[in-house]
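Notes to accompany the following structure.
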Amino acid sequence: MKKIYHLSTCTTCKRILEEVKAKENGFVLQDIKTEKITPAQLEEMHALAGTYEALFSRRSQKYRPMGLHEKELTENDYRDLILQEYSFLKRPVAIVGKQIFVGSDKKAVEGLTAVAAK
């Protein structure tokens, strides 16, 4: 399976989708704003990433207003927050077979680009 969870309004996600030629390389795209992440999908991401924290975005505009920066969050907290609010998922998340690429940092994007066309 080749799937990318993204936000269609995010310019960084758009750039990465173009860079890896997502449509041309047969990726299934899921806009997490219009099609919510299911618990089963999040469980699959967790199994590949190892922790919910690795999937959690502290850059979300809701992170500070909710006072989350002042709390010590548990793995269950990260899971519940991601399921409640799409913006808490670090984007994009790409799954290629048994590999996962999380976020927009250079290492993740280079790794995704390397396996995208396979």
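Letters for chains follow the order of the structure tokens (A, B, ...), residue numbers begin at 1 for each chain, and ligand numbers begin at 1 in the order shown.
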
* **Backbone-only DSSP, alpha helix (DSSP H) members of range 16-113 of chain A, as number ranges by chain** => A: 16-19, 39-49, 75-84, 106-113

**Asked** So which residues touch Asp77 in chain A within 10 Å, counting only C-alpha atoms, skipping near sequence neighbours fewer than 5 positions away, as a list of chain:residue names?
**Response**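 Listed by chain and then number, they are A:Tyr52, A:Glu53, A:Glu72, A:Ile82, A:Leu83.
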
Just to be explicit: take each residue in the selection above, keep N, CA, C and O atoms, and write the result as an mmCIF file, in the first residue's frame.
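Below is the file out.cif, written as the result:
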data_model
loop_
_atom_site.group_PDB
_atom_site.id
_atom_site.type_symbol
_atom_site.label_atom_id
_atom_site.label_comp_id
_atom_site.auth_asym_id
_atom_site.auth_seq_id
_atom_site.Cartn_x
_atom_site.Cartn_y
_atom_site.Cartn_z
ATOM 1 N N TYR A 52 2.774 7.353 19.607
ATOM 2 C CA TYR A 52 1.831 8.383 19.155
ATOM 3 C C TYR A 52 2.508 9.748 19.178
ATOM 4 O O TYR A 52 2.209 10.608 18.354
ATOM 5 N N GLU A 53 3.431 9.920 20.086
ATOM 6 C CA GLU A 53 4.139 11.199 20.185
ATOM 7 C C GLU A 53 4.875 11.520 18.880
ATOM 8 O O GLU A 53 4.933 12.672 18.457
ATOM 9 N N GLU A 72 2.097 17.514 30.906
ATOM 10 C CA GLU A 72 2.901 16.360 30.538
ATOM 11 C C GLU A 72 1.939 15.340 29.927
ATOM 12 O O GLU A 72 1.126 14.742 30.626
ATOM 13 N N ILE A 82 -5.031 13.435 18.631
ATOM 14 C CA ILE A 82 -4.941 13.278 17.175
ATOM 15 C C ILE A 82 -6.303 12.868 16.603
ATOM 16 O O ILE A 82 -6.720 13.367 15.558
ATOM 17 N N LEU A 83 -7.002 11.987 17.292
ATOM 18 C CA LEU A 83 -8.319 11.558 16.818
ATOM 19 C C LEU A 83 -9.363 12.672 16.940
ATOM 20 O O LEU A 83 -10.283 12.760 16.121
#

Q | Spatial neighbours of range 24-29 of chain A, 10 Å, only C-alpha atoms, chain gap at least 3 places, as a ChimeraX atom specification | A | /A:1-8,17-18,20-21,32,94-96,115-118

Requested in this report: Please provide the set of residues having any atom within 10 Å of Arg79 in chain A, restricted to only C-alpha atoms, with same-chain residues fewer than 4 positions apart removed, written as a ChimeraX atom specification.
Outcome: /A:39,42-43,46,51-53,55-56,74-75,83-84,88-89

Written selection (N, CA, C and O atoms) as a PDB file, in the first residue's frame:
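Just written: out-v3.pdb:
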ATOM      1  N   PRO A  39      -9.674   5.389  13.986  1.00  0.00           N
ATOM      2  CA  PRO A  39      -8.817   4.759  15.001  1.00  0.00           C
ATOM      3  C   PRO A  39      -7.950   3.645  14.400  1.00  0.00           C
ATOM      4  O   PRO A  39      -6.775   3.515  14.768  1.00  0.00           O
ATOM      5  N   LEU A  42      -5.005   5.203  12.612  1.00  0.00           N
ATOM      6  CA  LEU A  42      -4.039   5.717  13.574  1.00  0.00           C
ATOM      7  C   LEU A  42      -3.265   4.576  14.221  1.00  0.00           C
ATOM      8  O   LEU A  42      -2.062   4.693  14.452  1.00  0.00           O
ATOM      9  N   GLU A  43      -3.935   3.456  14.483  1.00  0.00           N
ATOM     10  CA  GLU A  43      -3.254   2.288  15.048  1.00  0.00           C
ATOM     11  C   GLU A  43      -2.183   1.764  14.088  1.00  0.00           C
ATOM     12  O   GLU A  43      -1.094   1.369  14.518  1.00  0.00           O
ATOM     13  N   HIS A  46       0.705   4.113  14.294  1.00  0.00           N
ATOM     14  CA  HIS A  46       1.386   3.901  15.567  1.00  0.00           C
ATOM     15  C   HIS A  46       2.272   2.662  15.517  1.00  0.00           C
ATOM     16  O   HIS A  46       3.412   2.685  15.997  1.00  0.00           O
ATOM     17  N   THR A  51       5.433   5.250  18.390  1.00  0.00           N
ATOM     18  CA  THR A  51       4.772   6.028  19.440  1.00  0.00           C
ATOM     19  C   THR A  51       3.760   6.977  18.812  1.00  0.00           C
ATOM     20  O   THR A  51       3.888   7.360  17.645  1.00  0.00           O
ATOM     21  N   TYR A  52       2.774   7.353  19.607  1.00  0.00           N
ATOM     22  CA  TYR A  52       1.831   8.383  19.155  1.00  0.00           C
ATOM     23  C   TYR A  52       2.508   9.748  19.178  1.00  0.00           C
ATOM     24  O   TYR A  52       2.209  10.608  18.354  1.00  0.00           O
ATOM     25  N   GLU A  53       3.431   9.920  20.086  1.00  0.00           N
ATOM     26  CA  GLU A  53       4.139  11.199  20.185  1.00  0.00           C
ATOM     27  C   GLU A  53       4.875  11.520  18.880  1.00  0.00           C
ATOM     28  O   GLU A  53       4.933  12.672  18.457  1.00  0.00           O
ATOM     29  N   LEU A  55       3.890  10.963  16.031  1.00  0.00           N
ATOM     30  CA  LEU A  55       2.887  11.380  15.049  1.00  0.00           C
ATOM     31  C   LEU A  55       2.239  12.712  15.413  1.00  0.00           C
ATOM     32  O   LEU A  55       1.462  13.263  14.642  1.00  0.00           O
ATOM     33  N   PHE A  56       2.566  13.241  16.567  1.00  0.00           N
ATOM     34  CA  PHE A  56       1.904  14.417  17.120  1.00  0.00           C
ATOM     35  C   PHE A  56       2.629  15.705  16.733  1.00  0.00           C
ATOM     36  O   PHE A  56       3.848  15.807  16.842  1.00  0.00           O
ATOM     37  N   THR A  74       0.571  11.976  27.961  1.00  0.00           N
ATOM     38  CA  THR A  74       0.854  10.542  27.880  1.00  0.00           C
ATOM     39  C   THR A  74       0.606  10.066  26.453  1.00  0.00           C
ATOM     40  O   THR A  74       0.035  10.798  25.628  1.00  0.00           O
ATOM     41  N   GLU A  75       0.973   8.835  26.179  1.00  0.00           N
ATOM     42  CA  GLU A  75       0.710   8.250  24.858  1.00  0.00           C
ATOM     43  C   GLU A  75      -0.792   8.250  24.570  1.00  0.00           C
ATOM     44  O   GLU A  75      -1.199   8.537  23.443  1.00  0.00           O
ATOM     45  N   LEU A  83      -7.002  11.987  17.292  1.00  0.00           N
ATOM     46  CA  LEU A  83      -8.319  11.558  16.818  1.00  0.00           C
ATOM     47  C   LEU A  83      -9.363  12.672  16.940  1.00  0.00           C
ATOM     48  O   LEU A  83     -10.283  12.760  16.121  1.00  0.00           O
ATOM     49  N   GLN A  84      -9.213  13.548  17.931  1.00  0.00           N
ATOM     50  CA  GLN A  84     -10.171  14.645  18.137  1.00  0.00           C
ATOM     51  C   GLN A  84      -9.970  15.786  17.142  1.00  0.00           C
ATOM     52  O   GLN A  84     -10.929  16.395  16.681  1.00  0.00           O
ATOM     53  N   PHE A  88      -3.564  18.020  14.866  1.00  0.00           N
ATOM     54  CA  PHE A  88      -2.545  17.476  15.752  1.00  0.00           C
ATOM     55  C   PHE A  88      -1.722  16.363  15.098  1.00  0.00           C
ATOM     56  O   PHE A  88      -0.739  15.914  15.672  1.00  0.00           O
ATOM     57  N   LEU A  89      -2.108  15.921  13.906  1.00  0.00           N
ATOM     58  CA  LEU A  89      -1.300  14.931  13.207  1.00  0.00           C
ATOM     59  C   LEU A  89      -0.164  15.649  12.488  1.00  0.00           C
ATOM     60  O   LEU A  89      -0.401  16.587  11.720  1.00  0.00           O
TER      61      LEU A  89
END

Subject >> Nearby residues (only C-alpha atoms) at most 12 Å from Gln61 in chain A, same-chain spacing under 4 positions excluded, as a list in words >> reply: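 In the requested form, the answer reads Ser57, Pro65, Met66, Gly67, Leu68, His69, Glu85, Tyr86, Ser87, Phe88 and Leu89 of chain A.
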
Would you mind exporting the chosen residues as a PDB file, in the first residue's frame, restricted to C-alpha atoms?
ATOM      1  CA  SER A  57       2.428  17.978  15.922  1.00  0.00           C
ATOM      2  CA  PRO A  65      -4.388  27.814  23.286  1.00  0.00           C
ATOM      3  CA  MET A  66      -5.425  24.481  24.823  1.00  0.00           C
ATOM      4  CA  GLY A  67      -2.570  24.817  27.330  1.00  0.00           C
ATOM      5  CA  LEU A  68      -0.989  21.567  26.171  1.00  0.00           C
ATOM      6  CA  HIS A  69       2.509  23.065  26.326  1.00  0.00           C
ATOM      7  CA  GLU A  85      -8.399  17.280  16.048  1.00  0.00           C
ATOM      8  CA  TYR A  86      -6.875  16.639  12.607  1.00  0.00           C
ATOM      9  CA  SER A  87      -4.340  19.446  13.027  1.00  0.00           C
ATOM     10  CA  PHE A  88      -2.545  17.476  15.752  1.00  0.00           C
ATOM     11  CA  LEU A  89      -1.300  14.931  13.207  1.00  0.00           C
TER      12      LEU A  89
END

| message | For Leu48 in chain A, find every residue with an atom within 8 Å (counting only C-alpha atoms), except residues of its own chain fewer than 6 positions away, and show them as a PyMOL selection string. | response | chain A and resi 98-100

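Note that DSSP on the backbone gives strand (DSSP E or B) to these residues of chain A: Lys2, Lys3, Ile4, Tyr5, His6, Val28, Leu29, Gln30, Asp31, Phe56, Leu89, Val93, Ala94, Ile95, Val96, Gln99, Ile100, Phe101 and Val102 of chain A.
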
Contact check, range 5-97 of chain A to range 102-114 of chain A, at most 6 Å, counting only C-alpha atoms, closest pairs as CSV:
residue,atom,partner,partner_atom,distance
A:Val20,CA,A:Thr113,CA,5.1
A:Lys90,CA,A:Gly103,CA,5.4
A:Arg91,CA,A:Gly103,CA,4.7
A:Pro92,CA,A:Gly103,CA,5.1
A:Val93,CA,A:Val102,CA,4.6

Can you write out the residues you just picked, keeping N, CA, C and O atoms, as a compact mmCIF listing (two decimals), in the first residue's frame?
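Done, and the output landed in again-v3.txt:
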# COMPACT_ATOMS: atom_id res chain seq x y z
N VAL A 20 7.32 14.34 -4.60
CA VAL A 20 7.37 12.88 -4.69
C VAL A 20 6.50 12.33 -5.82
O VAL A 20 6.42 11.12 -6.01
N LYS A 90 1.05 15.22 12.74
CA LYS A 90 2.21 15.79 12.05
C LYS A 90 2.07 15.41 10.57
O LYS A 90 1.86 14.25 10.24
N ARG A 91 2.18 16.39 9.69
CA ARG A 91 1.90 16.14 8.29
C ARG A 91 3.10 16.42 7.39
O ARG A 91 3.91 17.25 7.73
N PRO A 92 3.10 15.74 6.25
CA PRO A 92 2.26 14.61 5.86
C PRO A 92 2.76 13.32 6.51
O PRO A 92 3.89 13.24 6.98
N VAL A 93 1.89 12.31 6.52
CA VAL A 93 2.28 10.97 6.95
C VAL A 93 2.12 10.08 5.73
O VAL A 93 1.04 10.01 5.15

To one decimal place, how far is CA of Lys33 in chain A from CA of Thr9 in chain A in Å?
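CA of Thr9 in chain A lies at a distance of 9.0 Å from CA of Lys33 in chain A.
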